[in-house]
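Raw contents of work03.txt, compact mmCIF, C-alpha atoms and all ligand atoms:
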```
# COMPACT_ATOMS: atom_id res chain seq x y z
CA MET W 1 -16.88 -7.08 26.53
CA LEU W 2 -17.05 -3.56 25.21
CA ASN W 3 -15.42 -3.84 21.84
CA ALA W 4 -17.43 -5.86 19.37
CA LEU W 5 -15.44 -8.34 17.35
CA PRO W 6 -15.01 -7.49 13.69
CA THR W 7 -17.46 -9.31 11.45
CA LEU W 8 -15.15 -9.60 8.42
CA LYS W 9 -11.50 -10.48 8.03
CA GLU W 10 -9.17 -7.94 6.48
CA THR W 11 -8.14 -8.86 2.94
CA PRO W 12 -4.68 -10.40 3.24
CA SER W 13 -1.73 -8.46 1.88
CA GLN W 14 0.40 -9.62 -1.02
CA THR W 15 3.69 -8.27 -2.24
CA ALA W 16 3.52 -5.29 -4.58
CA GLY W 17 5.85 -7.28 -6.84
CA PRO W 18 8.66 -6.12 -9.11
CA TYR W 19 6.42 -4.02 -11.36
CA VAL W 20 4.70 -1.87 -8.75
CA HIS W 21 5.97 1.22 -10.58
CA ILE W 22 3.58 0.40 -13.44
CA GLY W 23 0.65 0.66 -11.10
CA LEU W 24 1.59 3.45 -8.72
CA THR W 25 4.00 5.67 -10.66
CA PRO W 26 2.95 4.95 -14.26
CA GLY W 27 4.09 8.33 -15.56
CA LEU W 28 7.66 7.58 -14.59
CA GLU W 29 7.38 4.30 -16.44
CA GLY W 30 6.27 6.09 -19.60
CA MET W 31 2.87 4.46 -19.46
CA GLY W 32 1.21 7.49 -21.01
CA GLY W 33 -2.52 7.10 -21.38
CA SER W 34 -4.70 9.00 -18.97
CA ASN W 35 -2.67 8.15 -15.87
CA VAL W 36 -0.41 11.19 -15.88
CA PRO W 37 0.75 13.11 -13.98
CA ASP W 38 1.34 10.59 -11.23
CA LEU W 39 -0.70 11.01 -8.07
CA GLY W 40 1.47 12.21 -5.22
CA SER W 41 4.31 13.39 -7.45
CA GLY W 42 5.84 16.85 -7.10
CA PRO W 43 6.16 18.95 -3.96
CA ILE W 44 3.94 17.81 -1.10
CA ASN W 45 1.01 20.06 -0.35
CA ALA W 46 1.31 20.53 3.40
CA GLY W 47 0.62 24.25 3.54
CA ASN W 48 3.01 26.98 4.56
CA GLY W 49 6.12 26.20 6.51
CA GLN W 50 9.85 25.67 6.36
CA PRO W 51 10.64 24.11 2.97
CA ILE W 52 12.73 20.99 3.36
CA THR W 53 13.97 18.07 1.32
CA ILE W 54 13.75 14.46 2.50
CA ALA W 55 16.43 12.24 0.98
CA GLY W 56 16.72 8.55 1.69
CA CYS W 57 18.08 5.31 0.42
CA ILE W 58 16.68 1.82 0.94
CA PHE W 59 18.96 -1.17 1.48
CA ASP W 60 18.26 -4.87 1.91
CA GLY W 61 19.87 -7.28 4.36
CA SER W 62 22.84 -7.83 2.05
CA ALA W 63 23.41 -4.06 1.90
CA ALA W 64 22.23 -4.02 -1.72
CA PRO W 65 20.12 -1.03 -2.75
CA VAL W 66 16.41 -1.76 -3.18
CA GLY W 67 15.76 -0.36 -6.64
CA ASP W 68 12.11 -1.25 -7.17
CA ALA W 69 10.35 0.23 -4.13
CA VAL W 70 7.53 2.72 -3.88
CA VAL W 71 7.61 5.05 -0.88
CA GLU W 72 4.61 7.00 0.36
CA LEU W 73 4.76 9.83 2.85
CA TRP W 74 1.96 11.19 5.05
CA GLN W 75 2.47 14.15 7.32
CA ALA W 76 0.90 16.96 9.28
CA ASP W 77 0.99 20.58 8.21
CA ALA W 78 3.15 23.02 10.15
CA ASP W 79 0.31 23.52 12.65
CA GLY W 80 0.18 19.81 13.47
CA THR W 81 -3.07 19.01 11.68
CA HIS W 82 -3.29 16.47 8.87
CA ALA W 83 -4.83 17.78 5.68
CA GLU W 84 -3.28 16.97 2.30
CA GLY W 85 0.32 16.18 3.17
CA TRP W 86 0.68 13.05 1.07
CA GLY W 87 3.31 12.15 -1.48
CA ARG W 88 4.45 9.12 -3.37
CA THR W 89 7.62 8.38 -5.24
CA ALA W 90 9.32 5.51 -7.00
CA GLY W 91 12.63 4.44 -5.55
CA ALA W 92 15.43 4.87 -8.08
CA ALA W 93 17.63 2.00 -9.25
CA ASP W 94 20.27 3.02 -6.69
CA GLY W 95 17.69 2.72 -3.88
CA SER W 96 17.33 6.47 -3.41
CA PHE W 97 14.15 8.46 -3.00
CA ARG W 98 13.38 12.09 -2.19
CA PHE W 99 10.49 14.34 -1.32
CA GLU W 100 10.14 18.12 -1.35
CA THR W 101 7.90 19.22 1.49
CA ILE W 102 7.67 21.44 4.56
CA LYS W 103 8.64 20.57 8.07
CA PRO W 104 5.60 19.24 9.93
CA GLY W 105 4.34 20.54 13.24
CA ARG W 106 3.65 18.50 16.35
CA VAL W 107 0.75 16.07 16.57
CA LEU W 108 -0.79 14.94 19.84
CA GLY W 109 0.44 11.56 20.98
CA PRO W 110 -1.44 8.74 22.72
CA ASP W 111 -0.59 10.28 26.10
CA GLY W 112 -2.13 13.62 25.15
CA GLN W 113 1.29 15.26 24.88
CA PRO W 114 2.63 16.56 21.58
CA MET W 115 4.84 14.11 19.72
CA ALA W 116 8.04 15.30 18.12
CA PRO W 117 7.69 16.43 14.50
CA HIS W 118 7.74 13.40 12.23
CA LEU W 119 6.68 12.01 8.87
CA THR W 120 4.98 8.67 8.38
CA LEU W 121 6.49 6.50 5.65
CA TRP W 122 5.11 3.38 3.97
CA ILE W 123 7.30 1.18 1.80
CA VAL W 124 6.34 -1.57 -0.64
CA ALA W 125 8.48 -3.54 -3.08
CA ARG W 126 9.15 -7.00 -4.44
CA GLY W 127 9.96 -9.28 -1.51
CA ILE W 128 7.96 -7.20 1.00
CA ASN W 129 4.87 -9.26 1.83
CA VAL W 130 3.12 -6.60 3.93
CA GLY W 131 3.80 -2.89 3.37
CA LEU W 132 6.21 -1.50 5.96
CA HIS W 133 5.22 1.47 8.12
CA THR W 134 7.91 3.59 9.72
CA ARG W 135 8.53 7.19 10.80
CA LEU W 136 11.11 9.82 10.08
CA TYR W 137 12.10 12.19 12.89
CA PHE W 138 14.46 15.16 12.70
CA ASP W 139 17.86 15.33 14.39
CA ASP W 140 17.54 19.06 15.11
CA GLU W 141 14.54 18.36 17.35
CA GLY W 142 16.58 16.74 20.10
CA GLU W 143 14.47 18.04 22.97
CA ALA W 144 11.17 16.98 21.42
CA ASN W 145 12.61 13.64 20.31
CA ALA W 146 13.74 12.92 23.87
CA THR W 147 10.16 13.09 25.15
CA ASP W 148 8.41 11.61 22.12
CA PHE W 149 5.96 8.92 23.20
CA ILE W 150 6.63 6.67 20.22
CA LEU W 151 10.43 6.95 20.22
CA ASN W 152 10.37 6.11 23.89
CA ARG W 153 8.37 2.97 23.17
CA ILE W 154 11.42 1.58 21.38
CA MET W 155 12.89 -0.39 24.25
CA ASP W 156 16.33 -0.80 22.73
CA SER W 157 17.31 2.85 22.70
CA ARG W 158 20.10 2.13 20.21
CA ARG W 159 17.44 1.44 17.58
CA ARG W 160 15.80 4.87 17.93
CA LYS W 161 18.46 6.45 15.77
CA THR W 162 17.25 4.37 12.80
CA LEU W 163 14.29 6.79 12.62
CA ILE W 164 16.16 10.08 13.03
CA ALA W 165 17.19 11.90 9.86
CA ALA W 166 20.36 13.98 9.74
CA ARG W 167 20.12 17.62 8.71
CA SER W 168 22.40 19.22 6.19
CA GLU W 169 22.02 22.26 3.99
CA VAL W 170 22.02 21.96 0.23
CA GLU W 171 22.04 25.35 -1.48
CA GLY W 172 20.49 26.93 1.58
CA ARG W 173 17.67 24.40 1.80
CA PRO W 174 17.55 22.07 4.79
CA THR W 175 17.85 18.48 3.67
CA TYR W 176 17.14 15.60 6.04
CA SER W 177 18.73 12.30 5.12
CA LEU W 178 17.76 8.89 6.39
CA ASP W 179 18.65 5.45 5.14
CA ILE W 180 16.11 2.67 5.50
CA ARG W 181 17.52 -0.77 6.18
CA LEU W 182 15.05 -3.57 5.72
CA GLN W 183 17.18 -6.07 7.57
CA GLY W 184 20.50 -6.59 9.29
CA GLU W 185 22.69 -4.27 11.29
CA ASN W 186 20.85 -1.04 12.03
CA GLU W 187 17.58 -2.50 10.76
CA THR W 188 14.99 0.29 10.67
CA VAL W 189 12.25 0.15 13.29
CA PHE W 190 9.00 -0.75 11.54
CA PHE W 191 5.65 -0.40 13.23
CA ASP W 192 2.61 -2.61 13.58
CA ILE W 193 0.14 0.24 13.59
CA MET O 1 -23.77 7.40 24.82
CA ILE O 2 -22.48 4.05 23.63
CA PRO O 3 -21.08 4.33 20.13
CA LEU O 4 -21.89 1.63 17.63
CA PRO O 5 -19.08 -0.81 16.98
CA GLY O 6 -16.70 0.82 14.60
CA GLU O 7 -18.30 4.21 15.03
CA ASP O 8 -15.21 5.89 16.27
CA GLY O 9 -11.77 5.24 17.57
CA ALA O 10 -8.74 3.24 16.70
CA LEU O 11 -8.54 0.46 14.18
CA TYR O 12 -8.73 -3.18 15.14
CA GLN O 13 -5.32 -4.68 15.59
CA ARG O 14 -4.12 -6.20 12.35
CA ASP O 15 -4.36 -10.01 12.52
CA ARG O 16 -0.81 -10.83 11.44
CA THR O 17 -1.62 -14.56 11.26
CA TRP O 18 -4.04 -13.80 8.42
CA HIS O 19 -1.33 -12.02 6.41
CA PRO O 20 1.87 -13.55 5.06
CA PRO O 21 4.80 -13.43 7.46
CA ALA O 22 7.66 -11.17 6.38
CA ASN O 23 9.99 -14.03 5.52
CA THR O 24 8.49 -16.75 3.32
CA PRO O 25 11.38 -18.88 1.99
CA GLY O 26 9.33 -20.24 -0.94
CA TYR O 27 9.31 -16.67 -2.25
CA LYS O 28 13.03 -16.04 -2.42
CA SER O 29 12.92 -12.26 -2.70
CA THR O 30 11.82 -12.09 0.93
CA THR O 31 15.14 -13.54 2.13
CA PHE O 32 17.01 -10.24 2.35
CA ARG O 33 14.00 -7.93 2.40
CA ALA O 34 12.11 -9.29 5.41
CA PRO O 35 12.83 -7.39 8.61
CA LYS O 36 14.17 -9.73 11.29
CA HIS O 37 12.74 -7.70 14.16
CA PRO O 38 9.02 -8.09 14.74
CA PRO O 39 7.16 -4.87 13.95
CA LEU O 40 6.80 -2.70 17.02
CA SER O 41 3.23 -2.26 18.21
CA LEU O 42 2.37 1.40 18.12
CA ALA O 43 -0.54 3.11 19.80
CA GLN O 44 -2.41 4.73 16.92
CA THR O 45 -2.31 8.50 16.64
CA ARG O 46 -3.66 10.92 14.09
CA SER O 47 -0.55 10.23 12.04
CA GLU O 48 -1.97 6.75 11.38
CA LEU O 49 -5.73 7.34 11.77
CA THR O 50 -5.90 10.04 9.12
CA GLY O 51 -4.97 9.60 5.48
CA PRO O 52 -5.07 11.25 2.09
CA THR O 53 -8.32 11.69 0.20
CA PHE O 54 -8.79 11.71 -3.56
CA GLY O 55 -11.53 13.38 -5.52
CA HIS O 56 -12.90 12.39 -8.89
CA GLY O 57 -10.77 15.20 -10.29
CA SER O 58 -7.76 12.96 -9.76
CA LEU O 59 -9.11 10.48 -12.32
CA GLY O 60 -9.02 10.57 -16.10
CA PRO O 61 -12.12 9.48 -18.05
CA LEU O 62 -10.52 6.19 -19.18
CA ASP O 63 -8.77 5.37 -15.92
CA ASN O 64 -11.12 2.45 -15.28
CA ASP O 65 -10.97 1.10 -18.83
CA LEU O 66 -7.75 -0.80 -19.46
CA ILE O 67 -9.07 -1.98 -22.82
CA HIS O 68 -8.88 1.60 -24.10
CA ASN O 69 -6.72 3.72 -21.80
CA PHE O 70 -3.47 2.96 -23.60
CA SER O 71 -4.75 2.04 -27.04
CA ALA O 72 -4.22 3.96 -30.24
CA GLU O 73 -7.21 5.89 -31.56
CA GLY O 74 -9.85 3.31 -32.43
CA GLY O 75 -7.73 0.43 -31.11
CA GLU O 76 -8.45 -2.01 -28.31
CA ALA O 77 -6.38 -4.29 -26.13
CA ILE O 78 -6.34 -7.94 -27.19
CA GLY O 79 -7.66 -10.56 -24.80
CA GLN O 80 -10.65 -12.01 -23.04
CA ARG O 81 -12.74 -9.03 -22.08
CA LEU O 82 -13.65 -8.65 -18.41
CA ILE O 83 -15.55 -6.44 -16.04
CA VAL O 84 -13.88 -6.61 -12.64
CA TYR O 85 -15.89 -5.09 -9.83
CA GLY O 86 -16.43 -5.38 -6.12
CA GLN O 87 -17.22 -3.66 -2.89
CA VAL O 88 -14.66 -2.18 -0.53
CA LEU O 89 -15.81 -2.78 3.03
CA ASP O 90 -14.29 -2.39 6.44
CA GLU O 91 -14.11 -5.17 9.02
CA ASN O 92 -17.45 -3.99 10.41
CA ALA O 93 -18.98 -4.71 6.96
CA ARG O 94 -19.50 -1.03 6.25
CA PRO O 95 -18.87 0.28 2.74
CA VAL O 96 -15.72 2.34 2.36
CA ARG O 97 -16.92 5.22 0.20
CA GLY O 98 -14.92 7.55 -1.99
CA THR O 99 -11.63 5.72 -1.66
CA LEU O 100 -9.01 5.28 -4.33
CA VAL O 101 -8.45 1.80 -5.78
CA GLU O 102 -5.53 1.30 -8.18
CA PHE O 103 -4.80 -1.79 -10.26
CA TRP O 104 -2.09 -3.03 -12.60
CA GLN O 105 -1.57 -6.24 -14.51
CA ALA O 106 0.14 -8.13 -17.33
CA ASN O 107 -1.39 -8.30 -20.80
CA ALA O 108 -3.29 -11.29 -22.19
CA GLY O 109 -0.02 -13.05 -22.95
CA GLY O 110 1.27 -12.52 -19.40
CA ARG O 111 3.72 -9.75 -20.34
CA TYR O 112 4.10 -6.54 -18.32
CA ARG O 113 4.90 -3.24 -19.94
CA HIS O 114 8.04 -2.80 -17.86
CA LYS O 115 11.68 -2.32 -18.81
CA ARG O 116 12.88 -5.10 -16.52
CA GLU O 117 10.33 -7.66 -17.72
CA GLY O 118 12.14 -10.82 -18.86
CA TYR O 119 9.33 -12.91 -20.36
CA VAL O 120 9.42 -13.39 -24.13
CA ALA O 121 5.66 -13.04 -24.64
CA ALA O 122 4.73 -10.19 -26.97
CA LEU O 123 3.74 -6.72 -25.84
CA ASP O 124 0.29 -5.60 -26.95
CA PRO O 125 0.74 -2.12 -28.44
CA ASN O 126 -2.79 -1.29 -27.31
CA PHE O 127 -2.41 -2.38 -23.70
CA GLY O 128 -0.68 -0.44 -20.92
CA GLY O 129 -1.88 -2.34 -17.88
CA CYS O 130 -2.79 0.13 -15.16
CA GLY O 131 -5.82 2.05 -14.02
CA ARG O 132 -7.71 3.41 -11.06
CA ALA O 133 -11.19 4.05 -9.72
CA ILE O 134 -12.86 5.73 -6.75
CA THR O 135 -15.50 3.78 -4.85
CA ASP O 136 -19.09 4.99 -5.04
CA ASP O 137 -21.50 5.72 -2.17
CA ASN O 138 -21.94 2.00 -1.56
CA GLY O 139 -18.23 1.27 -1.69
CA TYR O 140 -18.26 -0.26 -5.18
CA TYR O 141 -15.54 0.09 -7.82
CA HIS O 142 -15.47 -1.39 -11.30
CA PHE O 143 -13.23 -1.42 -14.33
CA ARG O 144 -12.95 -3.02 -17.74
CA THR O 145 -9.89 -4.96 -18.72
CA ILE O 146 -8.69 -8.11 -20.39
CA LYS O 147 -7.80 -11.28 -18.52
CA PRO O 148 -4.07 -11.23 -17.74
CA GLY O 149 -2.05 -14.26 -18.75
CA ALA O 150 -0.05 -16.45 -16.39
CA TYR O 151 3.67 -15.75 -16.60
CA PRO O 152 7.00 -17.31 -15.65
CA TRP O 153 9.26 -15.64 -13.11
CA PRO O 154 12.74 -16.21 -11.78
CA ASN O 155 12.17 -17.80 -8.38
CA GLY O 156 12.31 -21.59 -8.49
CA GLY O 157 13.54 -23.39 -11.58
CA ASN O 158 10.25 -23.07 -13.44
CA ASP O 159 7.77 -21.07 -11.40
CA TRP O 160 4.74 -19.51 -13.08
CA ARG O 161 2.44 -16.99 -11.49
CA PRO O 162 -1.28 -17.69 -11.79
CA ALA O 163 -3.25 -15.04 -13.64
CA HIS O 164 -3.67 -12.10 -11.23
CA ILE O 165 -4.35 -8.40 -10.95
CA HIS O 166 -2.46 -6.24 -8.44
CA PHE O 167 -4.57 -3.93 -6.25
CA SER O 168 -3.71 -0.92 -4.09
CA VAL O 169 -6.36 0.52 -1.73
CA PHE O 170 -6.19 3.53 0.57
CA GLY O 171 -9.20 3.57 2.89
CA HIS O 172 -9.47 6.66 5.07
CA ALA O 173 -6.59 6.06 7.46
CA PHE O 174 -2.96 5.60 6.51
CA ALA O 175 -2.97 2.48 8.71
CA GLN O 176 -5.58 0.92 6.39
CA ARG O 177 -3.24 1.13 3.40
CA LEU O 178 -3.26 -2.20 1.60
CA ILE O 179 -1.63 -3.82 -1.42
CA THR O 180 -2.79 -7.22 -2.56
CA GLN O 181 -3.40 -9.42 -5.60
CA MET O 182 -6.61 -10.81 -7.05
CA TYR O 183 -6.77 -14.34 -8.51
CA PHE O 184 -9.40 -16.01 -10.68
CA GLU O 185 -11.86 -18.64 -9.52
CA GLY O 186 -10.98 -22.18 -10.52
CA ASP O 187 -7.34 -21.56 -11.40
CA PRO O 188 -5.30 -24.60 -10.26
CA MET O 189 -2.06 -22.58 -10.42
CA ILE O 190 -3.05 -20.56 -7.35
CA TRP O 191 -2.23 -23.57 -5.20
CA GLN O 192 1.24 -23.94 -6.68
CA ASP O 193 2.18 -20.27 -6.39
CA PRO O 194 4.83 -19.34 -3.80
CA ILE O 195 3.39 -15.82 -3.51
CA ALA O 196 -0.24 -16.86 -2.96
CA LEU O 197 1.03 -19.57 -0.61
CA SER O 198 3.05 -17.03 1.38
CA ILE O 199 -0.33 -16.67 3.13
CA PRO O 200 -0.45 -19.55 5.62
CA ASP O 201 -4.23 -19.94 5.98
CA ARG O 202 -6.05 -21.44 2.99
CA ALA O 203 -9.21 -19.51 3.90
CA ALA O 204 -7.23 -16.28 3.67
CA VAL O 205 -5.98 -17.20 0.19
CA GLU O 206 -9.60 -17.91 -0.80
CA GLN O 207 -10.39 -14.31 0.11
CA LEU O 208 -8.17 -13.22 -2.80
CA ILE O 209 -10.02 -15.28 -5.40
CA ALA O 210 -12.51 -13.33 -7.51
CA ARG O 211 -15.76 -15.16 -8.29
CA LEU O 212 -17.11 -15.54 -11.79
CA ASP O 213 -20.37 -13.58 -11.91
CA ARG O 214 -22.64 -14.58 -14.76
CA GLN O 215 -25.31 -12.09 -13.67
CA ASN O 216 -23.12 -9.11 -14.49
CA THR O 217 -21.62 -10.64 -17.59
CA THR O 218 -22.38 -8.60 -20.72
CA PRO O 219 -23.62 -10.80 -23.60
CA MET O 220 -21.22 -10.89 -26.56
CA ASP O 221 -18.85 -8.50 -24.72
CA SER O 222 -17.40 -9.19 -21.25
CA LEU O 223 -17.30 -11.79 -18.52
CA ALA O 224 -17.64 -10.38 -15.01
CA TYR O 225 -15.61 -11.21 -11.90
CA ARG O 226 -16.40 -9.94 -8.44
CA PHE O 227 -13.63 -9.14 -5.97
CA ASP O 228 -14.61 -7.61 -2.62
CA ILE O 229 -11.88 -6.02 -0.52
CA VAL O 230 -11.96 -5.66 3.26
CA LEU O 231 -9.93 -2.94 4.98
CA ARG O 232 -9.30 -2.64 8.70
CA GLY O 233 -12.26 -1.31 10.66
CA ARG O 234 -12.54 0.96 13.65
CA ARG O 235 -13.45 -0.30 17.07
CA SER O 236 -15.62 1.58 19.50
CA THR O 237 -13.86 3.60 22.15
CA LEU O 238 -16.02 3.70 25.23
CA PHE O 239 -13.23 4.03 27.74
CA GLU O 240 -10.33 4.87 25.56
CA ASN O 241 -8.58 7.95 26.75
CA ARG O 242 -8.24 9.89 23.55
CA SER O 243 -7.43 13.52 23.39
CA GLU O 244 -9.31 14.37 20.23
CA GLY O 245 -11.92 12.89 17.98
CA ASN O 246 -11.44 11.76 14.45
FE FE W 301 2.24 -9.61 -11.16
```

Give the structure from the file, written as structure tokens.
Ligand SMILES: [Fe+2]
Amino acid sequence: MLNALPTLKETPSQTAGPYVHIGLTPGLEGMGGSNVPDLGSGPINAGNGQPITIAGCIFDGSAAPVGDAVVELWQADADGTHAEGWGRTAGAADGSFRFETIKPGRVLGPDGQPMAPHLTLWIVARGINVGLHTRLYFDDEGEANATDFILNRIMDSRRRKTLIAARSEVEGRPTYSLDIRLQGENETVFFDI
Amino acid sequence: MIPLPGEDGALYQRDRTWHPPANTPGYKSTTFRAPKHPPLSLAQTRSELTGPTFGHGSLGPLDNDLIHNFSAEGGEAIGQRLIVYGQVLDENARPVRGTLVEFWQANAGGRYRHKREGYVAALDPNFGGCGRAITDDNGYYHFRTIKPGAYPWPNGGNDWRPAHIHFSVFGHAFAQRLITQMYFEGDPMIWQDPIALSIPDRAAVEQLIARLDRQNTTPMDSLAYRFDIVLRGRRSTLFENRSEGN
């Protein structure tokens, strides 16, 4: 009774198709013209903070790498506010993708408590009919992860680990690695946001 | 104070029955790429209700002119010349201003400028096939292009895609992010296309069909097609217990 019904229907989604790199990362495809450099390429502008690398790989339900995806990242700055922390990259032929960014701060959750630090990821590719939203959390934030409102919404606690990236150090720079599995064993938790 | 509908607050729940399901067997690529688990409903937070913004500085002068933005000096893309335009609205029928719209397409012969393209149709040396625009104060975008050709693709034994243009739209919240495809009014191939028909509701497919617009057609130059795009809208939040505004 209090929320009006929407007057229009959302435009239905369609797959980004096999040539999404032409549209969203044209510079990488050598498209030239006026569409370079690619929007969202290069280090993510999320202000000052701990520089980190995000490294991932996308696999399908047959464990084959997904080599035609585009991944977008949206994140808070180190102080937990969202400003310009957006990036976009083309998945490589071996399914891998990476971002250079800074570790985000904590954002308030639906319960008014701070959520654990996380990145929001959005994945499109051939064979994905509606873009997939997921999150990346950090395995060195165990205490915050344990009380995170969203992680705790995942009823099957075994699936929470599909969102938690593992830290390593590469030449002194923290690198967080997370594989995304579209289907099958250890399928990533995707969100209907 | 009672806010107007859509004035503030979270986005309407996405109507998943209006979108294609993840696994649509007629479109074979979904077989191993469709998650088996249903997506987990997530209370929206600022991580989803905020999103990137793009200024006009992120555009080049020819970004909305696919006839010229890849062509050699003095050259033009070959094909039936079009103006494609439309209004980006939210579900409350409000214009979505200042948002980035990106588009990419095959050339007039149906060939993409992509290294994995397998169709024998010729490349047009003067056509790249991608561009972008930012919506104006009334939510409108427009660009010039040529009509893309239909093309064959490896799915069924002899499947052909209807002529289409791919669209990417941002909105103002990351949860509004949308990728879709635009089709052309009157094309019988739409109703034989496994990708268009991945959408179960015929009325929803109709929403992807651009209408021929003779009023905005330029004599002796370009036909016009209108394609409006609707992004998720915000609902009012009278009693929602939110910790901060947006
Ligand atoms: Fe296409």

message = Residues contacting ligand FE 301 (chain W) - anything with an atom at most 9 Å away, using all atoms listed in the file - can you give me those as an NGL selection string?
response = (:W and (16-20)) or (:O and (104-106 or 110 or 112 or 150-151 or 161-166 or 181))

Output for the residues just chosen: C-alpha atoms as an mmCIF file, in the coordinates of the input:
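Resulting contents of selection_5.cif:
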```cif
data_model
loop_
_atom_site.group_PDB
_atom_site.id
_atom_site.type_symbol
_atom_site.label_atom_id
_atom_site.label_comp_id
_atom_site.auth_asym_id
_atom_site.auth_seq_id
_atom_site.Cartn_x
_atom_site.Cartn_y
_atom_site.Cartn_z
ATOM 1 C CA ALA W 16 3.520 -5.290 -4.580
ATOM 2 C CA GLY W 17 5.850 -7.280 -6.840
ATOM 3 C CA PRO W 18 8.660 -6.120 -9.110
ATOM 4 C CA TYR W 19 6.420 -4.020 -11.360
ATOM 5 C CA VAL W 20 4.700 -1.870 -8.750
ATOM 6 C CA TRP O 104 -2.090 -3.030 -12.600
ATOM 7 C CA GLN O 105 -1.570 -6.240 -14.510
ATOM 8 C CA ALA O 106 0.140 -8.130 -17.330
ATOM 9 C CA GLY O 110 1.270 -12.520 -19.400
ATOM 10 C CA TYR O 112 4.100 -6.540 -18.320
ATOM 11 C CA ALA O 150 -0.050 -16.450 -16.390
ATOM 12 C CA TYR O 151 3.670 -15.750 -16.600
ATOM 13 C CA ARG O 161 2.440 -16.990 -11.490
ATOM 14 C CA PRO O 162 -1.280 -17.690 -11.790
ATOM 15 C CA ALA O 163 -3.250 -15.040 -13.640
ATOM 16 C CA HIS O 164 -3.670 -12.100 -11.230
ATOM 17 C CA ILE O 165 -4.350 -8.400 -10.950
ATOM 18 C CA HIS O 166 -2.460 -6.240 -8.440
ATOM 19 C CA GLN O 181 -3.400 -9.420 -5.600
#
```

Closest of O:Pro148, O:Gly156, O:Pro21, O:Pro194 to chain W, counting all atoms listed in the file, is O:Pro21

Checklist entry - What's the 7 Å shell around Arg81 in chain O, counting only C-alpha atoms, without same-chain residues fewer than 6 positions away, as a PyMOL selection string? => result chain O and resi 145-147+221-223

- Quick one, how far is CA of Asp77 in chain W from CA of Gly49 in chain W?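 Going from CA of Asp77 in chain W over to CA of Gly49 in chain W covers 7.8 Å.
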
Excluding Gly131 in chain W and residues on its chain fewer than 6 positions from it, collect all residues at most 9 Å away from it, counting all atoms listed in the file, and give them as a list in words. Ser13, Gln14, Thr15, Ala16, Trp122, Ile123, Val124 and Ala125 of chain W; Arg177, Leu178 and Ile179 of chain O

What is the CA of Gly184 in chain W-CA of Ile128 in chain W distance in Å, reported with one decimal?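 About the pair CA of Gly184 in chain W and CA of Ile128 in chain W: they are 15.0 Å apart.
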
Margin query: My list of candidates is O:Arg113, O:Gly60, O:Arg202, O:Ser47. Which is closest to Pro117 in chain W when distances are computed with only C-alpha atoms?
Written below: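 With only C-alpha atoms as the atom set, the closest residue is O:Ser47.
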
One decimal place gives the CA of Thr218 in chain O-CA of Leu123 in chain O separation as 26.7 Å

From (-2.6, 12.4, 1.9), in the file's coordinates, out to 12 Å: which residues are reached, counting all atoms listed in the file? Answer as a short mmCIF file (atom, residue, chain, number, x, y, z; two decimals) with C-alpha atoms, keeping the file's coordinate frame.
```cif
data_model
loop_
_atom_site.label_atom_id
_atom_site.label_comp_id
_atom_site.auth_asym_id
_atom_site.auth_seq_id
_atom_site.Cartn_x
_atom_site.Cartn_y
_atom_site.Cartn_z
CA LEU W 39 -0.70 11.01 -8.07
CA GLY W 40 1.47 12.21 -5.22
CA SER W 41 4.31 13.39 -7.45
CA ILE W 44 3.94 17.81 -1.10
CA ASN W 45 1.01 20.06 -0.35
CA ALA W 46 1.31 20.53 3.40
CA GLU W 72 4.61 7.00 0.36
CA LEU W 73 4.76 9.83 2.85
CA TRP W 74 1.96 11.19 5.05
CA GLN W 75 2.47 14.15 7.32
CA ALA W 76 0.90 16.96 9.28
CA ASP W 77 0.99 20.58 8.21
CA THR W 81 -3.07 19.01 11.68
CA HIS W 82 -3.29 16.47 8.87
CA ALA W 83 -4.83 17.78 5.68
CA GLU W 84 -3.28 16.97 2.30
CA GLY W 85 0.32 16.18 3.17
CA TRP W 86 0.68 13.05 1.07
CA GLY W 87 3.31 12.15 -1.48
CA ARG W 88 4.45 9.12 -3.37
CA LEU W 119 6.68 12.01 8.87
CA THR W 120 4.98 8.67 8.38
CA LEU W 121 6.49 6.50 5.65
CA SER O 47 -0.55 10.23 12.04
CA GLU O 48 -1.97 6.75 11.38
CA LEU O 49 -5.73 7.34 11.77
CA THR O 50 -5.90 10.04 9.12
CA GLY O 51 -4.97 9.60 5.48
CA PRO O 52 -5.07 11.25 2.09
CA THR O 53 -8.32 11.69 0.20
CA PHE O 54 -8.79 11.71 -3.56
CA GLY O 55 -11.53 13.38 -5.52
CA THR O 99 -11.63 5.72 -1.66
CA LEU O 100 -9.01 5.28 -4.33
CA PHE O 170 -6.19 3.53 0.57
CA GLY O 171 -9.20 3.57 2.89
CA HIS O 172 -9.47 6.66 5.07
CA ALA O 173 -6.59 6.06 7.46
CA PHE O 174 -2.96 5.60 6.51
CA ARG O 177 -3.24 1.13 3.40
#
```

Discussion item. Which residues are near Ile58 in chain W? Cut-off 7 Å, only C-alpha atoms, ignore same chain within fewer than 6 positions. Put them as a list of chain:residue names.
Written reply: W:Pro65, W:Val66, W:Gly95, W:Ser96, W:Asp179, W:Ile180, W:Arg181

Please dump the current selection as a PDB file, in the frame of the given file; keep C-alpha atoms.
```
ATOM      1  CA  PRO W  65      20.120  -1.030  -2.750  1.00  0.00           C
ATOM      2  CA  VAL W  66      16.410  -1.760  -3.180  1.00  0.00           C
ATOM      3  CA  GLY W  95      17.690   2.720  -3.880  1.00  0.00           C
ATOM      4  CA  SER W  96      17.330   6.470  -3.410  1.00  0.00           C
ATOM      5  CA  ASP W 179      18.650   5.450   5.140  1.00  0.00           C
ATOM      6  CA  ILE W 180      16.110   2.670   5.500  1.00  0.00           C
ATOM      7  CA  ARG W 181      17.520  -0.770   6.180  1.00  0.00           C
TER       8      ARG W 181
END
```
